[in-house]
file start06.txt (compact mmCIF, C-alpha atoms)
# COMPACT_ATOMS: atom_id res chain seq x y z
CA MET B 1393 -42.69 53.52 -96.02
CA ALA B 1394 -41.66 50.35 -94.15
CA ALA B 1395 -43.01 51.79 -90.89
CA TRP B 1396 -46.32 52.64 -92.58
CA ASN B 1397 -46.59 49.09 -93.96
CA THR B 1398 -45.88 47.64 -90.51
CA LYS B 1399 -48.60 49.79 -88.97
CA ARG B 1400 -51.01 48.77 -91.69
CA ILE B 1401 -50.27 45.07 -91.16
CA LEU B 1402 -50.68 45.48 -87.40
CA GLY B 1403 -54.03 47.08 -88.11
CA PHE B 1404 -55.11 43.98 -90.05
CA ILE B 1405 -53.90 41.74 -87.23
CA THR B 1406 -55.77 43.83 -84.67
CA ALA B 1407 -58.94 43.57 -86.74
CA ALA B 1408 -58.61 39.80 -86.95
CA PHE B 1409 -57.94 39.49 -83.21
CA PHE B 1410 -60.90 41.74 -82.44
CA LEU B 1411 -63.26 39.83 -84.71
CA THR B 1412 -62.41 36.52 -83.11
CA ALA B 1413 -62.79 38.11 -79.67
CA ILE B 1414 -66.27 39.34 -80.67
CA LEU B 1415 -67.15 35.84 -81.89
CA ILE B 1416 -66.52 34.30 -78.48
CA VAL B 1417 -67.51 37.11 -76.13
CA LYS B 1418 -71.21 36.14 -76.35
CA ALA B 1419 -70.56 32.86 -74.55
CA LYS B 1420 -71.36 34.32 -71.14
CA ALA B 1421 -70.26 33.35 -67.65
CA GLN B 1422 -71.78 30.01 -66.76
CA THR B 1423 -72.28 27.89 -63.65
CA VAL B 1424 -70.84 24.36 -63.68
CA PRO B 1425 -69.39 22.03 -61.05
CA GLU B 1426 -65.67 21.81 -61.98
CA SER B 1427 -63.14 22.96 -64.56
CA GLN B 1428 -62.24 21.03 -67.68
CA SER B 1429 -58.93 19.71 -68.89
CA GLY B 1430 -57.87 18.38 -72.23
CA LEU B 1431 -59.60 16.63 -75.11
CA ALA B 1432 -57.99 13.23 -74.84
CA ALA B 1433 -61.26 11.31 -74.71
CA PRO B 1434 -62.71 9.91 -77.94
CA LEU B 1435 -65.89 11.17 -79.57
CA GLU B 1436 -68.78 8.88 -78.64
CA PRO B 1437 -72.28 8.39 -80.09
CA LEU B 1438 -74.98 10.88 -79.19
CA ARG B 1439 -77.67 9.63 -76.83
CA SER B 1440 -81.20 9.48 -78.20
CA GLY B 1441 -83.72 12.28 -77.78
CA VAL B 1442 -81.41 15.26 -78.23
CA ALA B 1443 -82.62 18.02 -80.56
CA ALA B 1444 -80.79 21.17 -81.65
CA ASP B 1445 -83.76 23.50 -81.07
CA GLN B 1446 -84.15 22.27 -77.50
CA LEU B 1447 -80.44 22.73 -76.93
CA PHE B 1448 -80.69 26.35 -78.12
CA ASN B 1449 -83.58 26.94 -75.70
CA GLU B 1450 -81.60 25.50 -72.81
CA LEU B 1451 -78.54 27.60 -73.62
CA ASP B 1452 -80.59 30.77 -73.76
CA ALA B 1453 -82.48 30.09 -70.52
CA HIS B 1454 -79.37 29.24 -68.55
CA ASN B 1455 -77.36 32.13 -70.01
CA GLN B 1456 -80.04 34.54 -68.82
CA LEU B 1457 -79.90 33.13 -65.30
CA ARG B 1458 -76.12 33.21 -65.20
CA LYS B 1459 -76.09 36.76 -66.50
CA SER B 1460 -78.49 37.91 -63.79
CA ALA B 1461 -76.39 36.21 -61.09
CA LEU B 1462 -73.04 37.72 -62.14
CA HIS B 1463 -72.87 41.20 -60.63
CA ASP B 1464 -69.16 41.91 -60.86
CA TYR B 1465 -65.70 40.40 -61.11
CA ILE B 1466 -62.03 41.32 -61.09
CA ALA B 1467 -59.46 39.28 -63.01
CA VAL B 1468 -55.84 39.51 -64.05
CA ARG B 1469 -55.43 39.41 -67.83
CA THR B 1470 -52.21 38.68 -69.70
CA TYR B 1471 -52.12 39.54 -73.41
CA GLN B 1472 -49.24 38.24 -75.53
CA VAL B 1473 -48.44 38.43 -79.23
CA ILE B 1474 -46.19 35.52 -80.14
CA ASP B 1475 -44.64 34.32 -83.37
CA ILE B 1476 -44.92 30.75 -84.58
CA LYS B 1477 -41.59 29.85 -82.96
CA GLY B 1478 -42.82 30.93 -79.54
CA LYS B 1479 -41.01 34.27 -79.28
CA VAL B 1480 -43.03 36.85 -77.34
CA HIS B 1481 -43.07 40.13 -79.28
CA ALA B 1482 -45.27 42.07 -76.88
CA GLU B 1483 -46.97 41.52 -73.55
CA GLU B 1484 -49.45 43.51 -71.49
CA VAL B 1485 -50.69 42.50 -68.04
CA GLY B 1486 -53.53 44.24 -66.31
CA ARG B 1487 -56.58 44.06 -64.11
CA MET B 1488 -59.95 43.80 -65.83
CA GLU B 1489 -62.87 44.96 -63.71
CA PHE B 1490 -66.47 44.23 -64.67
CA ARG B 1491 -69.65 45.53 -63.10
CA ALA B 1492 -73.06 44.53 -64.39
CA PRO B 1493 -74.68 45.20 -66.66
CA ASP B 1494 -72.11 46.71 -69.03
CA GLN B 1495 -69.17 48.45 -67.35
CA LYS B 1496 -65.59 47.31 -67.88
CA MET B 1497 -62.32 48.96 -66.95
CA PHE B 1498 -58.76 47.77 -67.64
CA VAL B 1499 -55.86 48.93 -65.46
CA VAL B 1500 -52.37 48.22 -66.83
CA MET B 1501 -50.06 46.53 -64.32
CA SER B 1502 -47.02 45.85 -66.52
CA GLU B 1503 -46.03 45.90 -70.17
CA SER B 1504 -43.03 44.75 -72.17
CA GLY B 1505 -41.85 44.09 -75.70
CA SER B 1506 -42.65 46.06 -78.82
CA GLY B 1507 -44.37 49.35 -78.03
CA LEU B 1508 -45.65 49.49 -81.60
CA ILE B 1509 -47.44 46.14 -81.26
CA ARG B 1510 -48.84 47.10 -77.87
CA HIS B 1511 -50.16 50.44 -79.10
CA ARG B 1512 -51.32 49.29 -82.52
CA ALA B 1513 -52.64 45.81 -81.67
CA LEU B 1514 -53.17 45.12 -77.96
CA ASN B 1515 -54.49 48.47 -76.75
CA PRO B 1516 -57.11 48.78 -79.53
CA LEU B 1517 -58.20 45.20 -78.80
CA ILE B 1518 -58.72 45.97 -75.11
CA SER B 1519 -60.52 49.24 -75.92
CA SER B 1520 -62.78 47.44 -78.39
CA GLU B 1521 -63.84 44.93 -75.73
CA ILE B 1522 -64.69 47.72 -73.29
CA GLU B 1523 -66.69 49.58 -75.94
CA ALA B 1524 -68.50 46.41 -76.99
CA ALA B 1525 -69.47 45.69 -73.36
CA ALA B 1526 -70.96 49.18 -73.11
CA GLY B 1527 -73.00 48.64 -76.28
CA LYS B 1528 -71.04 51.14 -78.35
CA GLN B 1529 -70.31 48.41 -80.88
CA HIS B 1530 -73.23 46.07 -81.49
CA HIS B 1531 -72.59 42.87 -83.38
CA ASP B 1532 -75.07 40.03 -83.04
CA SER B 1533 -72.70 37.11 -82.65
CA SER B 1534 -74.66 35.23 -79.98
CA ILE B 1535 -75.04 31.48 -80.19
CA THR B 1536 -78.74 31.36 -81.04
CA SER B 1537 -80.97 29.74 -83.63
CA ALA B 1538 -81.20 33.09 -85.41
CA ASN B 1539 -77.48 32.95 -86.17
CA TYR B 1540 -76.58 29.26 -86.27
CA SER B 1541 -77.69 25.76 -87.07
CA LEU B 1542 -76.27 23.00 -84.89
CA ASP B 1543 -75.21 19.65 -86.24
CA LEU B 1544 -75.01 17.40 -83.19
CA ILE B 1545 -72.22 14.90 -83.83
CA GLY B 1546 -71.75 13.09 -80.54
CA GLU B 1547 -70.63 13.31 -76.95
CA GLN B 1548 -67.18 13.72 -75.48
CA GLN B 1549 -65.64 13.78 -72.05
CA VAL B 1550 -63.82 17.07 -71.49
CA GLY B 1551 -61.95 16.52 -68.25
CA PRO B 1552 -64.66 15.66 -65.68
CA TYR B 1553 -67.50 16.97 -67.85
CA ARG B 1554 -69.73 15.11 -70.21
CA CYS B 1555 -70.39 17.33 -73.21
CA PHE B 1556 -72.57 17.40 -76.27
CA VAL B 1557 -70.40 18.12 -79.30
CA ALA B 1558 -71.89 20.12 -82.15
CA ARG B 1559 -70.77 21.72 -85.35
CA ALA B 1560 -71.87 25.36 -85.40
CA ILE B 1561 -73.00 26.29 -88.90
CA PRO B 1562 -73.54 30.04 -89.46
CA LYS B 1563 -76.72 31.01 -91.28
CA ARG B 1564 -74.99 33.78 -93.22
CA GLU B 1565 -71.49 34.71 -94.30
CA ASP B 1566 -70.88 37.28 -91.63
CA LYS B 1567 -67.40 38.08 -90.32
CA TYR B 1568 -68.89 38.38 -86.82
CA LEU B 1569 -70.16 34.79 -86.90
CA PHE B 1570 -67.97 31.72 -86.71
CA GLU B 1571 -67.82 28.25 -88.18
CA GLY B 1572 -66.52 25.55 -85.90
CA LYS B 1573 -67.37 23.36 -82.90
CA LEU B 1574 -69.03 23.75 -79.52
CA TRP B 1575 -68.74 21.59 -76.42
CA ILE B 1576 -71.79 22.00 -74.17
CA ASP B 1577 -72.13 20.49 -70.70
CA VAL B 1578 -74.94 17.91 -70.69
CA ASP B 1579 -76.16 18.84 -67.20
CA ASP B 1580 -75.74 22.61 -66.95
CA TYR B 1581 -76.01 23.54 -70.64
CA ALA B 1582 -72.88 25.64 -70.37
CA VAL B 1583 -70.42 26.16 -73.20
CA VAL B 1584 -67.20 24.49 -72.07
CA ARG B 1585 -65.12 25.08 -75.17
CA ILE B 1586 -65.40 26.83 -78.53
CA GLU B 1587 -63.09 26.50 -81.51
CA GLY B 1588 -63.44 27.81 -85.03
CA HIS B 1589 -62.80 30.61 -87.47
CA PRO B 1590 -64.81 33.57 -88.86
CA ALA B 1591 -67.59 32.61 -91.27
CA ARG B 1592 -66.22 35.19 -93.69
CA ARG B 1593 -62.57 36.17 -94.08
CA PRO B 1594 -62.01 39.53 -92.36
CA SER B 1595 -59.97 40.99 -95.23
CA PHE B 1596 -57.83 40.17 -98.27
CA TRP B 1597 -54.75 40.33 -96.05
CA ILE B 1598 -56.02 37.87 -93.44
CA GLN B 1599 -55.74 34.40 -94.96
CA ARG B 1600 -56.83 32.57 -91.82
CA ALA B 1601 -57.90 33.38 -88.27
CA ASP B 1602 -58.50 30.40 -85.98
CA PHE B 1603 -59.44 30.64 -82.32
CA VAL B 1604 -59.95 28.43 -79.28
CA ARG B 1605 -61.59 29.52 -76.03
CA GLU B 1606 -61.48 27.44 -72.85
CA TYR B 1607 -63.49 28.08 -69.68
CA GLN B 1608 -62.79 27.59 -65.98
CA LYS B 1609 -65.05 27.33 -62.95
CA ILE B 1610 -64.92 30.27 -60.54
CA ASP B 1611 -67.33 30.06 -57.61
CA ARG B 1612 -70.54 29.01 -59.42
CA PHE B 1613 -69.58 30.48 -62.77
CA TRP B 1614 -67.77 29.45 -65.90
CA LEU B 1615 -65.51 32.31 -66.92
CA PRO B 1616 -62.85 32.50 -69.65
CA LYS B 1617 -59.61 30.71 -68.88
CA LYS B 1618 -57.61 31.06 -72.07
CA ASP B 1619 -58.11 32.44 -75.55
CA GLN B 1620 -55.76 31.66 -78.39
CA THR B 1621 -56.06 33.16 -81.88
CA LEU B 1622 -53.74 32.23 -84.72
CA VAL B 1623 -53.74 34.73 -87.58
CA GLN B 1624 -52.04 34.12 -90.91
CA VAL B 1625 -51.34 37.40 -92.66
CA ARG B 1626 -50.54 37.49 -96.37
CA LEU B 1627 -46.83 38.33 -96.94
CA TYR B 1628 -46.25 38.55 -93.19
CA GLY B 1629 -46.65 35.04 -91.79
CA LYS B 1630 -48.36 33.70 -88.69
CA LYS B 1631 -48.90 35.49 -85.39
CA VAL B 1632 -50.56 34.17 -82.26
CA LEU B 1633 -52.48 36.15 -79.69
CA THR B 1634 -52.96 34.50 -76.31
CA ILE B 1635 -55.06 35.89 -73.51
CA THR B 1636 -54.95 34.21 -70.11
CA HIS B 1637 -57.52 35.02 -67.43
CA GLN B 1638 -56.44 34.42 -63.84
CA SER B 1639 -57.00 35.37 -60.20
CA TYR B 1640 -60.73 35.97 -60.49
CA VAL B 1641 -62.66 37.51 -57.63
CA VAL B 1642 -66.39 37.22 -58.33
CA ASN B 1643 -69.35 39.17 -56.95
CA VAL B 1644 -67.24 41.28 -54.62
CA ALA B 1645 -69.98 43.83 -53.93
CA VAL B 1646 -72.57 41.14 -53.23
CA ASN B 1647 -70.25 39.23 -50.90
CA LYS B 1648 -69.43 42.41 -48.98
CA ASN B 1649 -73.13 42.86 -48.34
CA GLU B 1650 -73.38 39.19 -47.33
CA THR B 1651 -76.13 38.77 -49.88
CA GLN B 1652 -75.79 35.80 -52.16
CA PRO B 1653 -77.55 35.86 -55.54
CA ILE B 1654 -79.97 33.02 -56.07
CA VAL B 1655 -79.80 31.04 -59.30
CA GLN B 1656 -83.07 29.20 -59.80
CA GLU B 1657 -83.42 25.99 -61.75
CA ALA B 1658 -84.91 27.00 -65.08
CA ARG B 1659 -84.18 23.97 -67.18
CA ALA B 1660 -87.02 22.30 -69.00
CA PRO B 1661 -86.20 18.65 -69.70
CA LEU B 1662 -83.95 18.39 -72.73
CA LEU B 1663 -83.85 14.61 -72.78
CA ALA B 1664 -86.69 12.25 -72.16
CA GLY B 1665 -86.46 11.00 -68.60
CA GLU B 1666 -84.16 13.77 -67.36
CA ASN B 1667 -85.16 15.80 -64.31
call {"tool": "encode", "arguments": {"input": "start06.txt", "output": "structure tokens"}}
result
Amino acid sequence: MAAWNTKRILGFITAAFFLTAILIVKAKAQTVPESQSGLAAPLEPLRSGVAADQLFNELDAHNQLRKSALHDYIAVRTYQVIDIKGKVHAEEVGRMEFRAPDQKMFVVMSESGSGLIRHRALNPLISSEIEAAAGKQHHDSSITSANYSLDLIGEQQVGPYRCFVARAIPKREDKYLFEGKLWIDVDDYAVVRIEGHPARRPSFWIQRADFVREYQKIDRFWLPKKDQTLVQVRLYGKKVLTITHQSYVVNVAVNKNETQPIVQEARAPLLAGEN
């Protein structure tokens, strides 16, 4: 009976981890000049002339260009389930391979810790991402005006990047949408950071599921750097899933052919006076 309850709880945790992964997976690879670090800078007033609908248009236009330019990548992923005291209960390290438009493959390199957690939580999470990429699971969680309203609250320096800061307000109580904040680069209209929680609680057992995603610059693209999801399970306590993304190699096939994809400038002026 205890084993069955543990498996059931792990199932709830997996569901919460998967939902928060779905919430942030729509923030696609993005081109920006450098990587960000920290949030030490204060929130500053928003410049004049910025409108949420224009910001949505810019995000969509640039996401389409970045998507067309990203043909493939290889990265090393490290998945860890950690308790609130920092003890690692399970870890899985592997190579994630992506080929446009929708093929992903994960090759396990090493694994340690609880086999039950790896098989009941981490492996289903990885499989769900691969299936979602292939369109087998369709959930419209994209950051668009159809799904969200944006409340622009200011600007903030995130490392070397000047960002618009906005509250993302979901237009419906959908567990595949999130409520939280976005940091968007003012020049490249790239999502630099996302933090929030599902717009609707995934289940009775999941009291809270909060996530943060950070991005890093690889070649001309912003790709995930670190994901952290904290899940509070009723009668079970808090668990943290961290996913680190390292050692990217981008557009391998294109580089082998010595053909570089061209990203054209598609930005219509967002601010009066901008080029």
call {"tool": "residues_around", "arguments": {"input": "start06.txt", "residues": "Asp1579 of chain B", "least_positions_apart": "3", "cutoff": "9 Å", "atoms": "all atoms listed in the file", "output": "JSON, numbers by chain"}}
result
{"B": [1424, 1553, 1554, 1555, 1576, 1582]}
call {"tool": "atom_distance", "arguments": {"input": "start06.txt", "atom1": "atom CA of Leu1633 of chain B", "atom2": "atom CA of Ile1474 of chain B"}}
result
6.3 Å
call {"tool": "closest_atom_pairs", "arguments": {"input": "start06.txt", "of": "segment 1572-1599 of chain B", "to": "segment 1562-1568 of chain B", "cutoff": "9 Å", "atoms": "only C-alpha atoms", "output": "CSV"}}
result
residue,atom,partner,partner_atom,distance
B:Pro1590,CA,B:Lys1567,CA,5.4
B:Ala1591,CA,B:Glu1565,CA,5.4
B:Arg1592,CA,B:Lys1567,CA,4.6
B:Arg1593,CA,B:Lys1567,CA,6.4
B:Pro1594,CA,B:Lys1567,CA,5.9
call {"tool": "residues_near_point", "arguments": {"input": "start06.txt", "point": "(-50.8, 43.7, -62.3)", "cutoff": "8 Å", "atoms": "only C-alpha atoms", "output": "JSON, numbers by chain"}}
result
{"B": [1468, 1485, 1486, 1487, 1499, 1500, 1501, 1502]}
call {"tool": "atom_distance", "arguments": {"input": "start06.txt", "atom1": "atom CA of Gln1638 of chain B", "atom2": "atom CA of Asp1580 of chain B"}}
result
22.8 Å
call {"tool": "closest_residue", "arguments": {"input": "start06.txt", "among": "B:Leu1615, B:Val1578, B:Ile1518, B:Leu1451", "to": "Ile1535 of chain B", "atoms": "only C-alpha atoms"}}
result
B:Leu1451
call {"tool": "atom_distance", "arguments": {"input": "start06.txt", "atom1": "atom CA of Ala1432 of chain B", "atom2": "atom CA of Asn1455 of chain B"}}
result
27.5 Å
